[in-house]
Structure formats: C-alpha cells, structure tokens
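I have placed the structure first, in the form of structure tokens, so that the comments after it can refer back to it.
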Amino acid sequence: MELRIHVVPKSARTELAGTMADGSWKVRVAAPADKGKANEALREFLARHLKVAPSRVEIVSGHASRIKRVRIAGL
C-alpha cells in the first residue's frame, strides 16, 4: 500500500491532523526536519498506528520535502 502524506515538522506533538484537499494525509511530527529526524518520526508514528514493524514503512519519495510517498508492506 502506498500513501501520500503531507508532513508538518516541529509541531507541538506528533499526530494525524486530517486530510488535505488532494486526499493526502496530514501528519504533524514533533521532530525537526534536521538530518532525517522528521522522516524517522513519521516512520515510527505510521508503524505504531498501522500496527506494523517500522522496517515495513519506507519513504519512497520526498525525503527532503513535506510531501512524501510512503510504502507500507504487509497491509
């Protein structure tokens, strides 16, 4: 399964904040967008909420962008 996610780094807390007009999920992460910290926080958040191992969550594109394509294996 692949998801399109709009990430808002350096938020007050990590949470799902709804959907965007284009259908992508909006996720706020507390981690800053520095040295991949926000990407790792996103992977851990998705793994925890989708009940899969973090190794099954892969950011396919958008590593340096707020808009990311994320692949979740095993759903």
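Residues are referred to by chain and number: the chain letter is A, B, ... according to the order shown in the structure tokens, the number counts from 1 in that chain, and ligands are numbered separately from 1 in the order shown.
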- Message: Set the distance at 9 Å and use only C-alpha atoms: which residues neighbour A:Met20 once local chain neighbours fewer than 3 positions away are removed? I'd like the list as a ChimeraX atom specification.
- Response: /A:5-6,23-26
- Message: Can you tell me which residues surround A:Ala38 at a distance of at most 7 Å, considering only C-alpha atoms, apart from same-chain residues fewer than 4 positions away, and format the answer as a PyMOL selection string?
- Response: chain A and resi 9+29+31-33+42
- Please measure the separation of atom CA of A:Val27 and atom CA of A:Leu3, giving the value in Å to one decimal.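 The value is 11.8 Å.
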- Picked from stretch 1-70 of chain A by DSSP as helix (DSSP H, G or I), as a list of chain:residue names: A:Lys37, A:Ala38, A:Asn39, A:Glu40, A:Ala41, A:Leu42, A:Arg43, A:Glu44, A:Phe45, A:Leu46, A:Ala47, A:Arg48, A:His49, A:Leu50, A:Pro54, A:Ser55, A:Arg56
Take the residues from that selection and write them out as a short mmCIF file (atom, residue, chain, number, x, y, z; two decimals), in the first residue's frame, keeping C-alpha atoms.
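Final file, result_3.cif:
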data_model
loop_
_atom_site.label_atom_id
_atom_site.label_comp_id
_atom_site.auth_asym_id
_atom_site.auth_seq_id
_atom_site.Cartn_x
_atom_site.Cartn_y
_atom_site.Cartn_z
CA LYS A 37 14.67 13.24 12.27
CA ALA A 38 11.20 14.16 10.98
CA ASN A 39 11.29 11.29 8.47
CA GLU A 40 12.19 8.81 11.20
CA ALA A 41 9.45 10.19 13.48
CA LEU A 42 6.95 9.79 10.63
CA ARG A 43 8.01 6.18 10.03
CA GLU A 44 7.69 5.33 13.73
CA PHE A 45 4.31 7.07 14.01
CA LEU A 46 2.88 5.24 10.99
CA ALA A 47 4.27 1.88 12.14
CA ARG A 48 2.78 2.29 15.59
CA HIS A 49 -0.66 3.34 14.35
CA LEU A 50 -0.86 0.82 11.50
CA PRO A 54 8.98 0.17 11.44
CA SER A 55 11.08 -1.72 8.90
CA ARG A 56 7.90 -2.19 6.82
#
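If you look at atom CA of A:Thr19 and atom CA of A:Arg4, they are 10.1 Å away from each other.
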- Query: Could you state the separation of atom CA of A:Glu58 and atom CA of A:Ala30 in Å, given to one decimal place?
  - Reply: 19.3 Å
- Out of stretch 1-41 of chain A, which residues get strand (DSSP E or B) from DSSP, as a list in words?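 Output for stretch 1-41 of chain A, strand (DSSP E or B) only: Glu2, Leu3, Arg4, Ile5, His6, Val7, Val8, Glu15, Leu16, Ala17, Gly18, Thr19, Trp25, Lys26, Val27 and Arg28 of chain A.
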- Between A:Leu16, A:Met1, A:Leu75, A:Val7, which has the minimum distance to A:His63 (counting only C-alpha atoms)?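 Comparing A:Leu16, A:Met1, A:Leu75, A:Val7 against A:His63, the winner is A:Val7.
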- Item | Among listed residues A:Val8, A:Lys35, A:Ala17, A:Glu2, nearest A:Ser61 (using only C-alpha atoms) |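 When distances to A:Ser61 are compared using only C-alpha atoms, the smallest one comes from A:Glu2.
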